[in-house]
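The file protein.tsv comes next; it holds TSV, C-alpha atoms.
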```tsv
chain	number	residue	atom	x	y	z
Q	90	GLN	CA	-100.26	-27.92	87.07
Q	91	VAL	CA	-102.51	-26.42	89.73
Q	92	GLN	CA	-103.55	-22.79	89.55
Q	93	LEU	CA	-105.38	-20.68	92.10
Q	94	VAL	CA	-107.23	-17.56	91.04
Q	95	GLU	CA	-108.46	-15.15	93.69
Q	96	SER	CA	-111.02	-12.38	93.41
Q	97	GLY	CA	-113.06	-10.06	95.58
Q	98	GLY	CA	-110.57	-7.76	97.25
Q	99	GLY	CA	-110.94	-4.01	97.37
Q	100	LEU	CA	-111.39	-0.92	99.51
Q	101	VAL	CA	-114.03	-0.92	102.22
Q	102	GLN	CA	-114.86	1.30	105.16
Q	103	PRO	CA	-114.46	0.07	108.74
Q	104	GLY	CA	-117.44	-2.04	109.70
Q	105	GLY	CA	-118.05	-3.07	106.11
Q	106	SER	CA	-117.96	-6.46	104.43
Q	107	LEU	CA	-116.13	-8.17	101.59
Q	108	ARG	CA	-116.27	-11.65	100.12
Q	109	LEU	CA	-113.16	-13.26	98.69
Q	110	SER	CA	-113.23	-16.20	96.28
Q	111	CYS	CA	-110.50	-18.57	95.19
Q	112	ALA	CA	-110.96	-21.09	92.41
Q	113	ALA	CA	-108.48	-23.93	91.97
Q	114	SER	CA	-107.95	-25.71	88.68
Q	115	GLY	CA	-105.77	-28.58	87.52
Q	116	SER	CA	-105.06	-31.97	89.08
Q	117	ILE	CA	-106.47	-31.64	92.57
Q	118	PHE	CA	-106.60	-34.50	95.03
Q	119	SER	CA	-109.91	-34.89	96.80
Q	120	LEU	CA	-108.20	-34.93	100.20
Q	121	ASN	CA	-107.05	-31.37	100.76
Q	122	VAL	CA	-107.15	-28.23	102.81
Q	123	MET	CA	-107.97	-24.84	101.31
Q	124	GLY	CA	-107.51	-21.65	103.18
Q	125	TRP	CA	-106.69	-17.99	103.42
Q	126	TYR	CA	-103.60	-16.27	104.74
Q	127	ARG	CA	-102.75	-12.60	104.85
Q	128	GLN	CA	-99.69	-10.42	104.93
Q	129	ALA	CA	-99.67	-6.81	106.03
Q	130	PRO	CA	-96.78	-4.46	105.17
Q	131	GLY	CA	-93.77	-5.21	107.33
Q	132	LYS	CA	-95.36	-8.28	108.88
Q	133	MET	CA	-95.11	-12.04	108.45
Q	134	ARG	CA	-97.73	-13.92	106.50
Q	135	GLU	CA	-100.32	-15.30	108.91
Q	136	LEU	CA	-103.16	-17.79	108.84
Q	137	VAL	CA	-106.66	-16.38	108.60
Q	138	ALA	CA	-108.83	-19.47	108.13
Q	139	THR	CA	-108.66	-22.95	106.66
Q	140	MET	CA	-111.18	-25.60	105.78
Q	141	THR	CA	-110.69	-29.27	104.91
Q	142	ASN	CA	-112.61	-30.99	102.15
Q	143	GLY	CA	-114.53	-32.67	104.97
Q	144	GLY	CA	-115.67	-29.36	106.42
Q	145	ASN	CA	-113.38	-28.94	109.42
Q	146	THR	CA	-112.45	-25.30	109.96
Q	147	ASN	CA	-109.72	-23.39	111.76
Q	148	TYR	CA	-109.70	-19.63	112.37
Q	149	ALA	CA	-107.22	-17.13	113.67
Q	150	GLY	CA	-108.40	-15.70	116.97
Q	151	SER	CA	-108.41	-12.18	115.56
Q	152	VAL	CA	-111.09	-13.04	112.96
Q	153	LYS	CA	-113.30	-15.49	114.86
Q	154	GLY	CA	-116.90	-14.36	114.86
Q	155	ARG	CA	-116.28	-11.90	112.01
Q	156	PHE	CA	-114.98	-14.05	109.14
Q	157	THR	CA	-116.53	-17.21	107.75
Q	158	ILE	CA	-114.80	-19.67	105.45
Q	159	SER	CA	-116.77	-21.94	103.16
Q	160	ARG	CA	-116.11	-24.02	100.09
Q	161	ASP	CA	-117.70	-25.68	97.11
Q	162	ASN	CA	-115.87	-28.98	96.72
Q	163	ALA	CA	-117.45	-29.72	93.35
Q	164	LYS	CA	-115.94	-26.50	91.98
Q	165	ASN	CA	-112.72	-26.57	94.03
Q	166	THR	CA	-113.55	-23.09	95.24
Q	167	VAL	CA	-113.10	-21.56	98.66
Q	168	PHE	CA	-114.72	-18.38	99.95
Q	169	LEU	CA	-114.01	-15.99	102.79
Q	170	GLN	CA	-116.87	-13.83	103.99
Q	171	MET	CA	-115.42	-10.94	105.96
Q	172	ASN	CA	-117.76	-8.87	108.11
Q	173	SER	CA	-117.17	-6.08	110.62
Q	174	LEU	CA	-113.88	-5.28	108.93
Q	175	LYS	CA	-111.28	-3.30	110.86
Q	176	PRO	CA	-108.33	-1.23	109.63
Q	177	GLU	CA	-106.02	-3.91	111.05
Q	178	ASP	CA	-107.51	-6.38	108.58
Q	179	THR	CA	-105.77	-4.46	105.80
Q	180	ALA	CA	-103.41	-6.84	104.01
Q	181	VAL	CA	-102.80	-8.86	100.90
Q	182	TYR	CA	-104.91	-12.00	101.21
Q	183	TYR	CA	-103.56	-15.21	99.73
Q	184	CYS	CA	-105.38	-18.42	98.95
Q	185	LYS	CA	-103.58	-21.69	99.64
Q	186	LEU	CA	-104.27	-25.26	98.62
Q	187	TYR	CA	-102.58	-28.11	100.49
Q	188	MET	CA	-103.04	-31.60	99.12
Q	189	MET	CA	-102.69	-34.84	101.00
Q	190	PRO	CA	-100.93	-37.22	101.19
Q	191	SER	CA	-98.49	-35.71	98.70
Q	192	ALA	CA	-97.99	-32.57	100.85
Q	193	GLN	CA	-97.99	-30.40	97.73
Q	194	GLU	CA	-99.03	-26.85	98.32
Q	195	TYR	CA	-99.98	-24.03	95.98
Q	196	TRP	CA	-100.57	-20.32	96.48
Q	197	GLY	CA	-102.67	-17.76	94.68
Q	198	GLN	CA	-101.30	-14.44	93.51
Q	199	GLY	CA	-102.91	-12.48	96.34
Q	200	THR	CA	-105.67	-9.90	96.47
Q	201	GLN	CA	-105.46	-6.58	98.30
Q	202	VAL	CA	-107.96	-5.79	101.03
Q	203	THR	CA	-107.87	-2.24	102.38
Q	204	VAL	CA	-110.06	-1.14	105.27
Q	205	SER	CA	-110.05	2.62	105.58
Q	206	SER	CA	-112.39	5.55	105.96
```

Would you mind giving the structure from this file in structure tokens?
Amino acid sequence: QVQLVESGGGLVQPGGSLRLSCAASGSIFSLNVMGWYRQAPGKMRELVATMTNGGNTNYAGSVKGRFTISRDNAKNTVFLQMNSLKPEDTAVYYCKLYMMPSAQEYWGQGTQVTVSS
């Protein structure tokens, strides 16, 4: 069974920074995509950023230039460095692992990020 454990959320002032981490454990295929999604109250869950095990990245337009995704393949861990945070970045952030070719996907429990003065 695969488990994802997130950490690093919290309360930060506008313009501040946070770094999220997500560690995956269990039977993980080497060919995979790890990423971050977020869901604000009353809104649909949306993609923030993803990264393949080969290093290809994809970002939502709203976070490009402010957020950076990275990963440590040896530790099956993905990070999200969030800079220049805005109140509209407030949401629960979820880590996701998608494995290929089985198409299995797993989600973390979510971590709250609140941007407020």

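All residues of protein, DNA or RNA that reach within 8 Å of Asn162 (chain Q), judged by only C-alpha atoms and not counting those fewer than 3 positions away in the chain, are Asn142, Asn165 and Thr166 of chain Q.
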
Axis-aligned box for region 162-177 of chain Q, 4 Å per side, centre and edges in Å as JSON:
```
{"center_x": -111.9, "center_y": -15.5, "center_z": 101.5, "size_x": 19.7, "size_y": 36.5, "size_z": 27.1}
```

Sort by chain and increasing residue number a table of all residues of region 155-202 of chain Q within 7 Å of region 105-127 of chain Q, each with its closest pair of atoms and their distance in Å to one decimal, counting only C-alpha atoms, and write it as a Markdown table.
```
| residue | atom | partner | partner_atom | distance |
| --- | --- | --- | --- | --- |
| Q:Asn165 | CA | Q:Ala113 | CA | 5.4 |
| Q:Thr166 | CA | Q:Ala112 | CA | 4.3 |
| Q:Val167 | CA | Q:Cys111 | CA | 5.3 |
| Q:Phe168 | CA | Q:Ser110 | CA | 4.5 |
| Q:Leu169 | CA | Q:Leu109 | CA | 5.0 |
| Q:Gln170 | CA | Q:Arg108 | CA | 4.5 |
| Q:Met171 | CA | Q:Leu107 | CA | 5.2 |
| Q:Asn172 | CA | Q:Ser106 | CA | 4.4 |
| Q:Ser173 | CA | Q:Gly105 | CA | 5.5 |
| Q:Leu174 | CA | Q:Gly105 | CA | 5.5 |
| Q:Ala180 | CA | Q:Arg127 | CA | 5.9 |
| Q:Val181 | CA | Q:Arg127 | CA | 5.4 |
| Q:Tyr182 | CA | Q:Arg127 | CA | 4.3 |
| Q:Tyr183 | CA | Q:Tyr126 | CA | 5.1 |
| Q:Cys184 | CA | Q:Trp125 | CA | 4.7 |
| Q:Lys185 | CA | Q:Gly124 | CA | 5.3 |
| Q:Leu186 | CA | Q:Met123 | CA | 4.6 |
| Q:Tyr187 | CA | Q:Val122 | CA | 5.1 |
| Q:Met188 | CA | Q:Asn121 | CA | 4.3 |
| Q:Met189 | CA | Q:Leu120 | CA | 5.6 |
```

Exercise for the section: Between CA of Val94 (chain Q) and CA of Gly199 (chain Q), measure the distance and give it in Å to one decimal. Expected result: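 Going from CA of Val94 (chain Q) over to CA of Gly199 (chain Q) covers 8.5 Å.
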
Fill in the blank from the handout: Correct to one decimal, the distance CA of Trp196 (chain Q)-CA of Glu135 (chain Q) is 13.4 Å

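Minimum atom-to-atom distances from Q:Glu194, Q:Gly150, Q:Pro130, Q:Lys164 to Gln90 (chain Q) were compared using only C-alpha atoms, and the lowest value belongs to Q:Glu194.
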
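Comparing the minimum interatomic distances between Thr200 (chain Q) and each of Q:Asn145, Q:Thr179, Q:Thr139, Q:Thr157, counting only C-alpha atoms, we find that Q:Thr179 sits nearest.
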
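Counting all atoms listed in the file, the residue from Q:Arg134, Q:Ser96, Q:Ser151, Q:Gly104 that sits nearest to Pro176 (chain Q) is Q:Gly104.
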
Exercise for the section: Would you mind reading off the distance between CA of Val202 (chain Q) and CA of Asp161 (chain Q), one decimal, in Å? Expected result: 22.5 Å

Exercise for the section: Identify which of the residues Q:Val101, Q:Asp178, Q:Gln128, Q:Ser206 lies closest to Val152 (chain Q), counting only C-alpha atoms when measuring atom-to-atom distances. Expected result: Q:Asp178

Handout entry: Among listed residues Q:Gln198, Q:Ser205, Q:Arg160, Q:Gly131, nearest Gly143 (chain Q) (using only C-alpha atoms)
Key =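 Once distances to Gly143 (chain Q) are computed over only C-alpha atoms, the minimum belongs to Q:Arg160.
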